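One file, target-v2.txt, is given below (compact mmCIF, C-alpha atoms).
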```txt
# COMPACT_ATOMS: atom_id res chain seq x y z
CA MET I 1 10.29 19.65 -35.58
CA ALA I 2 13.03 17.74 -33.80
CA GLU I 3 14.67 14.78 -35.47
CA TYR I 4 13.38 11.48 -34.23
CA ASN I 5 14.03 7.88 -34.85
CA ILE I 6 10.79 6.03 -35.64
CA LYS I 7 12.21 2.66 -34.65
CA GLU I 8 13.33 3.91 -31.27
CA LEU I 9 10.05 5.63 -30.62
CA LYS I 10 8.17 2.46 -31.52
CA SER I 11 9.71 0.58 -28.65
CA GLY I 12 7.96 2.98 -26.32
CA GLY I 13 4.50 2.42 -27.75
CA LEU I 14 4.25 5.28 -30.22
CA MET I 15 2.57 4.02 -33.37
CA LYS I 16 3.13 6.28 -36.34
CA GLN I 17 -0.06 7.11 -38.20
CA LYS I 18 -0.42 7.87 -41.89
CA GLU I 19 -0.92 11.54 -41.07
CA LYS I 20 2.25 13.57 -40.60
CA ASP I 21 3.33 14.06 -36.96
CA LEU I 22 0.41 12.07 -35.58
CA PHE I 23 0.86 8.98 -33.44
CA SER I 24 -1.38 6.51 -31.72
CA LEU I 25 -0.15 6.06 -28.15
CA ARG I 26 -0.14 2.46 -27.05
CA LEU I 27 -0.31 1.96 -23.30
CA ARG I 28 0.93 -0.75 -21.00
CA VAL I 29 -2.21 -2.58 -19.89
CA VAL I 30 -2.13 -5.95 -18.15
CA GLY I 31 -4.98 -8.37 -18.74
CA GLY I 32 -7.34 -5.61 -19.84
CA TYR I 33 -7.43 -4.25 -16.31
CA VAL I 34 -7.90 -0.47 -16.19
CA LYS I 35 -8.96 1.40 -13.05
CA SER I 36 -11.91 3.76 -13.31
CA GLU I 37 -9.74 6.73 -12.27
CA GLN I 38 -7.38 5.87 -15.12
CA LEU I 39 -10.31 5.82 -17.53
CA VAL I 40 -11.20 9.35 -16.47
CA ILE I 41 -7.68 10.58 -17.26
CA LEU I 42 -7.68 8.66 -20.56
CA SER I 43 -10.88 10.43 -21.48
CA GLU I 44 -9.40 13.82 -20.58
CA ILE I 45 -6.25 13.17 -22.59
CA ALA I 46 -8.21 11.98 -25.61
CA ASN I 47 -10.30 15.14 -25.50
CA LYS I 48 -7.39 17.50 -24.89
CA TYR I 49 -4.71 16.05 -27.20
CA GLY I 50 -6.46 13.52 -29.42
CA LYS I 51 -9.79 13.49 -31.20
CA GLY I 52 -12.02 12.54 -28.30
CA TYR I 53 -11.84 8.75 -28.45
CA ILE I 54 -9.61 5.84 -27.61
CA HIS I 55 -9.07 2.56 -29.42
CA LEU I 56 -9.30 -0.81 -27.65
CA THR I 57 -6.84 -3.22 -29.23
CA THR I 58 -7.39 -6.89 -30.00
CA ARG I 59 -5.05 -7.79 -27.15
CA GLN I 60 -6.90 -5.87 -24.44
CA GLY I 61 -4.73 -2.80 -24.74
CA VAL I 62 -5.61 0.85 -24.98
CA GLU I 63 -4.35 3.23 -27.65
CA ILE I 64 -4.98 6.96 -27.84
CA PRO I 65 -4.95 7.90 -31.52
CA ASN I 66 -4.19 11.27 -33.11
CA ILE I 67 -1.62 12.56 -30.64
CA ASN I 68 0.73 15.11 -32.14
CA PHE I 69 4.36 14.27 -31.53
CA LYS I 70 5.01 17.67 -29.93
CA ASP I 71 2.50 16.87 -27.16
CA PHE I 72 4.02 13.49 -26.39
CA GLU I 73 6.00 14.51 -23.29
CA LYS I 74 3.04 16.35 -21.77
CA VAL I 75 0.76 13.38 -22.38
CA ARG I 76 3.30 10.98 -20.93
CA LYS I 77 3.46 13.06 -17.72
CA GLU I 78 -0.32 13.16 -17.36
CA LEU I 79 -0.51 9.41 -17.85
CA ALA I 80 2.19 8.84 -15.25
CA GLU I 81 0.08 10.60 -12.63
CA VAL I 82 -2.37 7.69 -12.71
CA GLU I 83 0.37 5.08 -13.11
CA LEU I 84 -0.14 4.56 -16.81
CA GLU I 85 2.94 3.89 -18.91
CA MET I 86 3.71 3.51 -22.57
CA GLY I 87 3.26 0.05 -24.07
CA ALA I 88 5.56 -2.07 -26.20
CA CYS I 89 5.97 -2.50 -29.93
CA GLY I 90 8.72 -4.08 -32.01
CA GLN I 91 10.79 -7.15 -31.18
CA ARG I 92 9.78 -7.35 -27.55
CA VAL I 93 7.68 -9.16 -25.01
CA ARG I 94 4.27 -7.59 -25.56
CA THR I 95 1.16 -6.92 -23.54
CA VAL I 96 0.26 -9.90 -21.37
CA THR I 97 -3.39 -10.76 -21.93
CA ALA I 98 -5.57 -12.46 -19.34
CA CYS I 99 -9.18 -13.36 -18.72
CA GLN I 100 -10.95 -12.58 -15.46
CA GLY I 101 -9.72 -15.84 -14.00
CA LYS I 102 -11.34 -16.63 -10.70
CA GLU I 103 -13.82 -13.77 -11.03
CA CYS I 104 -15.50 -15.93 -13.67
CA SER I 105 -17.42 -18.97 -12.44
CA HIS I 106 -15.36 -21.21 -14.75
CA GLY I 107 -11.91 -19.81 -13.89
CA LEU I 108 -9.51 -22.26 -12.26
CA ILE I 109 -6.47 -20.02 -11.73
CA ASP I 110 -5.87 -16.39 -10.72
CA CYS I 111 -5.04 -15.05 -14.19
CA LEU I 112 -4.68 -11.38 -13.35
CA PHE I 113 -2.26 -12.05 -10.53
CA LEU I 114 -0.18 -14.28 -12.78
CA ALA I 115 -0.36 -11.76 -15.65
CA ARG I 116 0.90 -8.98 -13.39
CA GLU I 117 3.83 -11.07 -12.22
CA ILE I 118 4.72 -12.05 -15.77
CA ASP I 119 4.36 -8.45 -16.91
CA LYS I 120 6.61 -7.26 -14.08
CA LYS I 121 9.28 -9.76 -14.99
CA PHE I 122 9.20 -9.88 -18.79
CA PHE I 123 7.23 -6.96 -20.27
CA GLY I 124 9.02 -4.89 -22.88
CA ILE I 125 12.24 -6.89 -22.78
CA GLY I 126 13.74 -6.76 -26.25
CA GLY I 127 16.51 -8.29 -28.28
CA TYR I 128 14.45 -11.19 -29.65
CA PRO I 129 14.14 -12.13 -33.33
CA HIS I 130 10.55 -10.83 -33.41
CA LYS I 131 7.69 -9.94 -31.07
CA PHE I 132 6.71 -12.34 -28.30
CA LYS I 133 3.15 -12.59 -27.00
CA ILE I 134 1.93 -14.21 -23.81
CA GLY I 135 -1.72 -14.89 -22.95
CA ILE I 136 -3.29 -16.45 -19.87
CA THR I 137 -6.68 -18.09 -19.76
CA GLY I 138 -8.39 -19.44 -16.66
CA CYS I 139 -9.82 -22.72 -17.94
CA PRO I 140 -10.15 -24.94 -21.03
CA ASN I 141 -12.91 -22.69 -22.39
CA ALA I 142 -9.84 -20.71 -23.47
CA CYS I 143 -11.59 -17.36 -23.92
CA ILE I 144 -8.26 -15.53 -24.09
CA LYS I 145 -7.18 -17.87 -26.91
CA PRO I 146 -3.86 -19.05 -25.45
CA GLN I 147 -3.30 -21.04 -28.64
CA GLU I 148 -2.86 -17.78 -30.58
CA ASN I 149 0.08 -16.68 -28.47
CA ASP I 150 3.79 -17.40 -28.75
CA LEU I 151 3.32 -18.77 -25.25
CA GLY I 152 -0.14 -19.45 -23.90
CA ILE I 153 -1.01 -20.50 -20.37
CA MET I 154 -4.27 -22.25 -19.49
CA GLY I 155 -5.66 -23.14 -16.08
CA ARG I 156 -6.47 -26.79 -15.44
CA LEU I 157 -7.63 -28.92 -12.61
CA LYS I 158 -6.99 -32.44 -11.38
CA LYS I 159 -9.69 -34.05 -9.30
CA ARG I 160 -10.42 -36.94 -7.01
CA PHE I 161 -13.50 -39.12 -6.63
CA VAL I 162 -14.91 -39.77 -3.16
CA LYS I 163 -17.07 -42.84 -3.56
CA GLU I 164 -18.92 -42.50 -0.23
CA ASN I 165 -20.34 -39.12 -1.27
CA CYS I 166 -21.70 -40.23 -4.64
CA ASP I 167 -25.38 -40.94 -5.17
CA TYR I 168 -24.95 -41.76 -8.86
CA CYS I 169 -27.32 -39.04 -10.09
CA GLY I 170 -25.49 -38.85 -13.42
CA LEU I 171 -25.06 -35.10 -13.48
CA CYS I 172 -21.27 -35.27 -13.91
CA ALA I 173 -21.59 -37.50 -16.97
CA GLN I 174 -24.11 -35.05 -18.38
CA VAL I 175 -22.00 -31.91 -17.87
CA CYS I 176 -18.67 -33.41 -18.96
CA PRO I 177 -17.89 -31.90 -22.37
CA VAL I 178 -15.73 -34.83 -23.51
CA GLY I 179 -17.56 -37.88 -22.20
CA ALA I 180 -14.84 -38.77 -19.72
CA ILE I 181 -17.31 -40.00 -17.10
CA GLU I 182 -19.80 -42.86 -17.27
CA VAL I 183 -22.28 -43.44 -14.48
CA ASP I 184 -23.84 -46.84 -13.91
CA LYS I 185 -26.65 -46.03 -11.50
CA ASP I 186 -27.95 -49.58 -11.14
CA ASN I 187 -24.60 -51.03 -10.15
CA GLU I 188 -23.42 -47.87 -8.36
CA LYS I 189 -20.33 -47.57 -10.48
CA ILE I 190 -18.42 -44.63 -11.96
CA ILE I 191 -16.07 -45.16 -14.87
CA PHE I 192 -13.60 -42.30 -15.32
CA HIS I 193 -11.58 -42.12 -18.55
CA GLU I 194 -8.66 -40.04 -17.35
CA ASP I 195 -7.11 -39.90 -20.82
CA LYS I 196 -10.15 -38.03 -22.13
CA CYS I 197 -10.40 -35.55 -19.24
CA ILE I 198 -9.45 -31.97 -20.19
CA GLY I 199 -9.40 -30.70 -16.61
CA CYS I 200 -12.14 -28.07 -16.94
CA GLY I 201 -13.63 -28.88 -13.54
CA ASP I 202 -17.25 -28.83 -14.72
CA CYS I 203 -17.93 -32.09 -12.87
CA VAL I 204 -16.40 -30.77 -9.64
CA TYR I 205 -18.36 -27.53 -9.74
CA SER I 206 -21.64 -29.24 -10.62
CA CYS I 207 -21.54 -32.27 -8.33
CA PRO I 208 -24.37 -31.87 -5.82
CA THR I 209 -22.81 -34.20 -3.24
CA ASN I 210 -19.13 -33.23 -3.47
CA ALA I 211 -18.18 -36.67 -4.71
CA TRP I 212 -15.93 -35.03 -7.31
CA GLN I 213 -13.44 -32.81 -5.52
CA LYS I 214 -10.61 -30.59 -6.63
CA ARG I 215 -7.24 -32.20 -5.98
CA GLN I 216 -4.88 -29.74 -7.60
CA GLU I 217 -4.77 -26.71 -9.88
CA GLY I 218 -2.20 -26.52 -12.61
CA TYR I 219 -1.26 -25.06 -15.94
CA THR I 220 -1.17 -26.24 -19.54
CA ILE I 221 1.39 -24.46 -21.74
CA PHE I 222 0.97 -23.92 -25.46
CA VAL I 223 3.84 -22.67 -27.57
CA GLY I 224 4.24 -21.33 -31.07
CA GLY I 225 0.82 -19.85 -31.69
CA LYS I 226 0.56 -16.84 -33.97
CA MET I 227 -1.93 -15.03 -36.15
CA GLY I 228 -1.04 -12.48 -38.82
CA LYS I 229 -0.39 -13.44 -42.44
CA PHE I 230 0.49 -17.05 -41.68
CA PRO I 231 -1.57 -18.17 -38.70
CA LYS I 232 -0.76 -21.29 -36.71
CA LEU I 233 -2.26 -22.59 -33.49
CA GLY I 234 0.02 -23.17 -30.53
CA ILE I 235 1.21 -26.66 -29.69
CA ARG I 236 0.35 -28.17 -26.30
CA ALA I 237 3.97 -28.52 -25.16
CA PHE I 238 3.48 -29.05 -21.41
CA ASP I 239 0.27 -30.72 -20.43
CA PHE I 240 0.19 -30.18 -16.68
CA VAL I 241 2.64 -27.87 -14.99
CA GLU I 242 2.10 -27.99 -11.25
CA THR I 243 3.52 -24.74 -9.93
CA LYS I 244 3.74 -21.09 -10.85
CA GLU I 245 7.50 -21.24 -10.34
CA GLU I 246 7.73 -23.90 -13.01
CA VAL I 247 5.66 -21.75 -15.37
CA PHE I 248 8.13 -18.90 -14.84
CA LYS I 249 11.04 -21.20 -15.52
CA ILE I 250 9.41 -22.34 -18.77
CA ILE I 251 8.83 -18.73 -19.91
CA GLU I 252 12.39 -17.79 -19.07
CA LYS I 253 13.89 -20.79 -20.84
CA THR I 254 11.60 -20.32 -23.84
CA LEU I 255 12.72 -16.72 -24.30
CA GLN I 256 16.32 -17.81 -23.89
CA PHE I 257 15.83 -20.52 -26.51
CA TYR I 258 14.22 -18.02 -28.87
CA LYS I 259 17.10 -15.59 -28.47
CA GLU I 260 19.68 -18.31 -28.95
CA PHE I 261 18.19 -20.20 -31.91
CA GLY I 262 15.80 -17.76 -33.59
CA LYS I 263 16.80 -16.07 -36.82
CA GLN I 264 16.29 -12.32 -37.08
CA GLY I 265 12.70 -11.55 -38.08
CA GLU I 266 11.41 -15.04 -37.39
CA ARG I 267 8.41 -15.65 -35.13
CA PHE I 268 8.86 -18.20 -32.35
CA ARG I 269 6.79 -20.81 -34.18
CA ASP I 270 9.16 -20.72 -37.14
CA THR I 271 12.12 -21.20 -34.83
CA LEU I 272 10.30 -24.09 -33.22
CA ASP I 273 9.48 -25.74 -36.56
CA ARG I 274 13.04 -25.33 -37.77
CA VAL I 275 14.88 -26.44 -34.61
CA GLY I 276 12.32 -29.03 -33.55
CA LEU I 277 9.79 -29.32 -30.73
CA ASP I 278 11.68 -32.13 -29.02
CA ASN I 279 14.89 -30.12 -28.95
CA TYR I 280 12.99 -27.19 -27.49
CA LYS I 281 11.38 -29.33 -24.80
CA GLU I 282 14.69 -30.83 -23.88
CA TYR I 283 16.23 -27.35 -23.64
CA VAL I 284 13.45 -26.14 -21.35
CA ARG I 285 13.28 -29.13 -19.03
CA MET K 1 -35.83 -39.38 -0.69
CA ASN K 2 -39.17 -39.54 -2.54
CA ALA K 3 -40.81 -38.28 0.61
CA ILE K 4 -39.38 -34.78 0.13
CA LYS K 5 -42.25 -32.46 -0.68
CA PRO K 6 -41.23 -29.35 -2.56
CA ARG K 7 -42.76 -26.09 -1.42
CA GLU K 8 -42.67 -24.62 -4.91
CA THR K 9 -42.19 -25.90 -8.44
CA LEU K 10 -40.59 -24.12 -11.35
CA ASN K 11 -40.98 -25.61 -14.80
CA LEU K 12 -38.14 -24.25 -16.91
CA GLU K 13 -38.64 -26.37 -20.01
CA LYS K 14 -37.67 -24.38 -23.11
CA VAL K 15 -36.16 -21.66 -20.94
CA ALA K 16 -32.62 -20.86 -22.11
CA CYS K 17 -29.57 -19.72 -20.15
CA PRO K 18 -29.02 -17.43 -18.41
CA ASN K 19 -32.76 -17.07 -17.78
CA SER K 20 -33.00 -20.59 -16.41
CA PHE K 21 -30.65 -19.67 -13.58
CA VAL K 22 -32.03 -16.16 -13.11
CA ARG K 23 -35.55 -17.49 -12.68
CA THR K 24 -34.34 -20.17 -10.28
CA LYS K 25 -32.51 -17.53 -8.27
CA LEU K 26 -35.49 -15.16 -8.18
CA LYS K 27 -37.77 -17.95 -7.03
CA LEU K 28 -35.32 -18.91 -4.28
CA GLU K 29 -35.19 -15.27 -3.16
CA GLU K 30 -38.92 -15.36 -2.49
CA MET K 31 -38.64 -18.50 -0.38
CA GLU K 32 -37.66 -19.06 3.24
CA GLN K 33 -34.46 -20.73 4.37
CA GLY K 34 -34.81 -24.51 4.44
CA GLN K 35 -37.74 -24.64 2.01
CA VAL K 36 -37.40 -26.88 -1.02
CA LEU K 37 -37.78 -25.80 -4.64
CA GLU K 38 -38.38 -28.28 -7.44
CA VAL K 39 -36.99 -27.24 -10.83
CA ILE K 40 -37.53 -28.94 -14.17
CA LEU K 41 -34.74 -28.23 -16.64
CA ASP K 42 -33.95 -29.12 -20.23
CA ASP K 43 -30.93 -31.14 -21.26
CA GLY K 44 -27.95 -29.24 -22.62
CA GLU K 45 -26.91 -25.80 -21.38
CA PRO K 46 -29.48 -25.44 -18.56
CA ILE K 47 -28.41 -28.66 -16.82
CA LYS K 48 -24.77 -27.70 -17.33
CA ASN K 49 -25.18 -24.28 -15.78
CA VAL K 50 -27.98 -24.24 -13.24
CA PRO K 51 -26.76 -26.84 -10.70
CA ARG K 52 -23.25 -25.36 -10.47
CA ALA K 53 -24.62 -21.82 -10.15
CA VAL K 54 -27.07 -22.91 -7.44
CA LYS K 55 -24.22 -24.65 -5.63
CA GLU K 56 -22.00 -21.56 -5.92
CA GLU K 57 -24.71 -19.51 -4.25
CA GLY K 58 -24.56 -21.89 -1.31
CA HIS K 59 -27.86 -23.76 -1.69
CA GLU K 60 -28.07 -27.51 -1.26
CA ILE K 61 -29.02 -29.71 -4.19
CA MET K 62 -30.86 -32.53 -2.48
CA LYS K 63 -31.76 -34.57 -5.50
CA VAL K 64 -30.95 -34.80 -9.19
CA GLU K 65 -33.13 -36.98 -11.35
CA LYS K 66 -33.14 -37.62 -15.07
CA LEU K 67 -36.55 -37.77 -16.78
CA ASP K 68 -36.25 -38.56 -20.50
CA ASN K 69 -34.93 -35.34 -22.04
CA LYS K 70 -35.39 -33.32 -18.89
CA TRP K 71 -33.92 -33.10 -15.41
CA ARG K 72 -35.57 -32.62 -12.06
CA LEU K 73 -33.71 -30.87 -9.24
CA LEU K 74 -34.70 -30.46 -5.63
CA ILE K 75 -32.99 -27.44 -4.13
CA LYS K 76 -32.99 -26.57 -0.44
CA LYS K 77 -32.65 -22.84 0.11
CA ALA K 78 -29.67 -21.80 2.23
```
Written form, structure tokens:
Amino acid sequence: MAEYNIKELKSGGLMKQKEKDLFSLRLRVVGGYVKSEQLVILSEIANKYGKGYIHLTTRQGVEIPNINFKDFEKVRKELAEVELEMGACGQRVRTVTACQGKECSHGLIDCLFLAREIDKKFFGIGGYPHKFKIGITGCPNACIKPQENDLGIMGRLKKRFVKENCDYCGLCAQVCPVGAIEVDKDNEKIIFHEDKCIGCGDCVYSCPTNAWQKRQEGYTIFVGGKMGKFPKLGIRAFDFVETKEEVFKIIEKTLQFYKEFGKQGERFRDTLDRVGLDNYKEYVR
Amino acid sequence: MNAIKPRETLNLEKVACPNSFVRTKLKLEEMEQGQVLEVILDDGEPIKNVPRAVKEEGHEIMKVEKLDNKWRLLIKKA
């Protein structure tokens, strides 16, 4: 058996198992999106080299357990034929998670498209104090749990009210999850509490007369979320970011900040708590 | 508006999601374009989900009316 460096191998998605020479192969999957032809090859590999099953990770990834180290190169080649690559472990930018975005009737932003762009730009980059996780969710239902990520992105919507279209049926007030809308049918008046609005768009998508209309899509950014032994929910650092370009700038600056101020072995949240949220925000802006 | 006479009526009281929408959709499938379906829905999830789903499928919601703990919709099939 050739000499190998576990730490080096880990960066390429090889997870050492308890059993000698066996590894679980972690793959690079973006937003849980796997093509059916890739699934066929995964099945073949699991049968041929593993024990006939795969493991779906908590962050939408795929791992093939029980691969003997000596088969690694062969497996890697077979994966490459269907454009599957090894994933990331260690102190790196990890798998980018995403919900179905606009394929879901609640989704406000194209999560998969954004996830792919973020993956292309940041996936696997190392040299940080610890791992760094990014998750993208399409709306305030937050199914992907952006608040559990070092940096979480959430789709949001700003709307406008077109008085002429409204027939004061009261549906918007009924569907609003935070009571941001009051409808006074008798006096034909709508009271909108903008400070309460979470930008989910339920009113816009329900309104029978198109009195509530979408004005603009945008992004809320959470930072410093983590799970593990000492879980903390992410902090809503940027409430409404208007463009994708700005989101990219925030990710880039955040990683830069982490590299510059983080202590070795410290998760981003700990850096944030130590250096201060205001200092971070100032650095990013 | 009260003059609109629905062709069919669907009482979906105590029918939970997603069945409330599925039954509305199936009923609309049986109907002709332009015909009007009256649907009675419970408060809560059904009224949150059914109107937006009906709208997404391209039908016109002609009227929304609140009746105590229920809602009445008039839907014109697209």
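Residues from chain K found within 7 Å of chain I are Lys48, Pro51, Arg52, Ile61, Val64 and Glu65 of chain K, counting only C-alpha atoms.
Each of I:Lys159, I:Lys226, I:Lys263, I:Lys232 was compared to I:Phe192 using all atoms listed in the file, and I:Lys159 turns out to be the nearest.
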Original post:
Which residues come within 7 Å of stretch 8-23 of chain K, counting only C-alpha atoms, excluding same-chain residues fewer than 6 positions away, as number ranges by chain?
Top reply: K: 36-42, 45-46, 50
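Between atom CA of I:Ile64 and atom CA of I:Gly32 the interatomic distance comes to 15.1 Å.
Take atom CA of I:Thr271 and atom CA of I:Arg59: the distance between them is 23.1 Å.
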Output as a PDB file, in the coordinates of the input: stretch 136-164 of chain I, completed with N, CA and C atoms.
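Final file, selection.pdb:
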```
ATOM      1  N   ILE I 136      -2.932 -15.543 -20.969  1.00  0.00           N
ATOM      2  CA  ILE I 136      -3.290 -16.450 -19.870  1.00  0.00           C
ATOM      3  C   ILE I 136      -4.794 -16.610 -19.790  1.00  0.00           C
ATOM      4  N   THR I 137      -5.241 -17.836 -19.814  1.00  0.00           N
ATOM      5  CA  THR I 137      -6.680 -18.090 -19.760  1.00  0.00           C
ATOM      6  C   THR I 137      -6.973 -19.010 -18.565  1.00  0.00           C
ATOM      7  N   GLY I 138      -8.122 -18.793 -17.936  1.00  0.00           N
ATOM      8  CA  GLY I 138      -8.390 -19.440 -16.660  1.00  0.00           C
ATOM      9  C   GLY I 138      -8.813 -20.891 -16.711  1.00  0.00           C
ATOM     10  N   CYS I 139      -9.292 -21.354 -17.871  1.00  0.00           N
ATOM     11  CA  CYS I 139      -9.820 -22.720 -17.940  1.00  0.00           C
ATOM     12  C   CYS I 139      -9.845 -23.177 -19.400  1.00  0.00           C
ATOM     13  N   PRO I 140     -10.157 -24.452 -19.648  1.00  0.00           N
ATOM     14  CA  PRO I 140     -10.150 -24.940 -21.030  1.00  0.00           C
ATOM     15  C   PRO I 140     -11.183 -24.304 -21.970  1.00  0.00           C
ATOM     16  N   ASN I 141     -12.064 -23.444 -21.467  1.00  0.00           N
ATOM     17  CA  ASN I 141     -12.910 -22.690 -22.390  1.00  0.00           C
ATOM     18  C   ASN I 141     -12.052 -21.760 -23.246  1.00  0.00           C
ATOM     19  N   ALA I 142     -10.882 -21.419 -22.707  1.00  0.00           N
ATOM     20  CA  ALA I 142      -9.840 -20.710 -23.470  1.00  0.00           C
ATOM     21  C   ALA I 142     -10.295 -19.398 -24.103  1.00  0.00           C
ATOM     22  N   CYS I 143     -11.064 -18.618 -23.375  1.00  0.00           N
ATOM     23  CA  CYS I 143     -11.590 -17.360 -23.920  1.00  0.00           C
ATOM     24  C   CYS I 143     -10.485 -16.407 -24.372  1.00  0.00           C
ATOM     25  N   ILE I 144      -9.321 -16.460 -23.718  1.00  0.00           N
ATOM     26  CA  ILE I 144      -8.260 -15.530 -24.090  1.00  0.00           C
ATOM     27  C   ILE I 144      -7.482 -16.047 -25.320  1.00  0.00           C
ATOM     28  N   LYS I 145      -7.815 -17.241 -25.743  1.00  0.00           N
ATOM     29  CA  LYS I 145      -7.180 -17.870 -26.910  1.00  0.00           C
ATOM     30  C   LYS I 145      -5.678 -18.064 -26.716  1.00  0.00           C
ATOM     31  N   PRO I 146      -5.290 -18.837 -25.723  1.00  0.00           N
ATOM     32  CA  PRO I 146      -3.860 -19.050 -25.450  1.00  0.00           C
ATOM     33  C   PRO I 146      -3.138 -19.661 -26.658  1.00  0.00           C
ATOM     34  N   GLN I 147      -3.903 -20.378 -27.481  1.00  0.00           N
ATOM     35  CA  GLN I 147      -3.300 -21.040 -28.640  1.00  0.00           C
ATOM     36  C   GLN I 147      -2.890 -20.062 -29.747  1.00  0.00           C
ATOM     37  N   GLU I 148      -3.257 -18.786 -29.587  1.00  0.00           N
ATOM     38  CA  GLU I 148      -2.860 -17.780 -30.580  1.00  0.00           C
ATOM     39  C   GLU I 148      -1.629 -17.007 -30.135  1.00  0.00           C
ATOM     40  N   ASN I 149      -1.070 -17.407 -29.009  1.00  0.00           N
ATOM     41  CA  ASN I 149       0.080 -16.680 -28.470  1.00  0.00           C
ATOM     42  C   ASN I 149       1.380 -17.458 -28.677  1.00  0.00           C
ATOM     43  N   ASP I 150       2.497 -16.723 -28.673  1.00  0.00           N
ATOM     44  CA  ASP I 150       3.790 -17.400 -28.750  1.00  0.00           C
ATOM     45  C   ASP I 150       3.937 -18.339 -27.563  1.00  0.00           C
ATOM     46  N   LEU I 151       3.393 -17.878 -26.409  1.00  0.00           N
ATOM     47  CA  LEU I 151       3.320 -18.770 -25.250  1.00  0.00           C
ATOM     48  C   LEU I 151       1.979 -18.527 -24.573  1.00  0.00           C
ATOM     49  N   GLY I 152       1.187 -19.567 -24.501  1.00  0.00           N
ATOM     50  CA  GLY I 152      -0.140 -19.450 -23.900  1.00  0.00           C
ATOM     51  C   GLY I 152      -0.235 -20.321 -22.656  1.00  0.00           C
ATOM     52  N   ILE I 153      -0.872 -19.773 -21.629  1.00  0.00           N
ATOM     53  CA  ILE I 153      -1.010 -20.500 -20.370  1.00  0.00           C
ATOM     54  C   ILE I 153      -2.498 -20.725 -20.119  1.00  0.00           C
ATOM     55  N   MET I 154      -2.866 -21.942 -19.720  1.00  0.00           N
ATOM     56  CA  MET I 154      -4.270 -22.250 -19.490  1.00  0.00           C
ATOM     57  C   MET I 154      -4.459 -22.973 -18.153  1.00  0.00           C
ATOM     58  N   GLY I 155      -5.391 -22.505 -17.367  1.00  0.00           N
ATOM     59  CA  GLY I 155      -5.660 -23.140 -16.080  1.00  0.00           C
ATOM     60  C   GLY I 155      -6.290 -24.506 -16.262  1.00  0.00           C
ATOM     61  N   ARG I 156      -5.904 -25.439 -15.410  1.00  0.00           N
ATOM     62  CA  ARG I 156      -6.470 -26.790 -15.440  1.00  0.00           C
ATOM     63  C   ARG I 156      -6.621 -27.314 -14.043  1.00  0.00           C
ATOM     64  N   LEU I 157      -7.377 -28.379 -13.930  1.00  0.00           N
ATOM     65  CA  LEU I 157      -7.630 -28.920 -12.610  1.00  0.00           C
ATOM     66  C   LEU I 157      -7.536 -30.451 -12.634  1.00  0.00           C
ATOM     67  N   LYS I 158      -6.953 -30.980 -11.556  1.00  0.00           N
ATOM     68  CA  LYS I 158      -6.990 -32.440 -11.380  1.00  0.00           C
ATOM     69  C   LYS I 158      -7.920 -32.714 -10.217  1.00  0.00           C
ATOM     70  N   LYS I 159      -8.646 -33.826 -10.296  1.00  0.00           N
ATOM     71  CA  LYS I 159      -9.690 -34.050  -9.300  1.00  0.00           C
ATOM     72  C   LYS I 159      -9.576 -35.437  -8.685  1.00  0.00           C
ATOM     73  N   ARG I 160     -10.341 -35.611  -7.627  1.00  0.00           N
ATOM     74  CA  ARG I 160     -10.420 -36.940  -7.010  1.00  0.00           C
ATOM     75  C   ARG I 160     -11.888 -37.320  -6.871  1.00  0.00           C
ATOM     76  N   PHE I 161     -12.129 -38.624  -6.793  1.00  0.00           N
ATOM     77  CA  PHE I 161     -13.500 -39.120  -6.630  1.00  0.00           C
ATOM     78  C   PHE I 161     -13.655 -39.730  -5.247  1.00  0.00           C
ATOM     79  N   VAL I 162     -14.650 -39.241  -4.505  1.00  0.00           N
ATOM     80  CA  VAL I 162     -14.910 -39.770  -3.160  1.00  0.00           C
ATOM     81  C   VAL I 162     -16.188 -40.609  -3.226  1.00  0.00           C
ATOM     82  N   LYS I 163     -15.977 -41.906  -3.296  1.00  0.00           N
ATOM     83  CA  LYS I 163     -17.070 -42.840  -3.560  1.00  0.00           C
ATOM     84  C   LYS I 163     -18.231 -42.714  -2.557  1.00  0.00           C
ATOM     85  N   GLU I 164     -17.884 -42.555  -1.276  1.00  0.00           N
ATOM     86  CA  GLU I 164     -18.920 -42.500  -0.230  1.00  0.00           C
ATOM     87  C   GLU I 164     -19.916 -41.361  -0.456  1.00  0.00           C
TER      88      GLU I 164
END
```
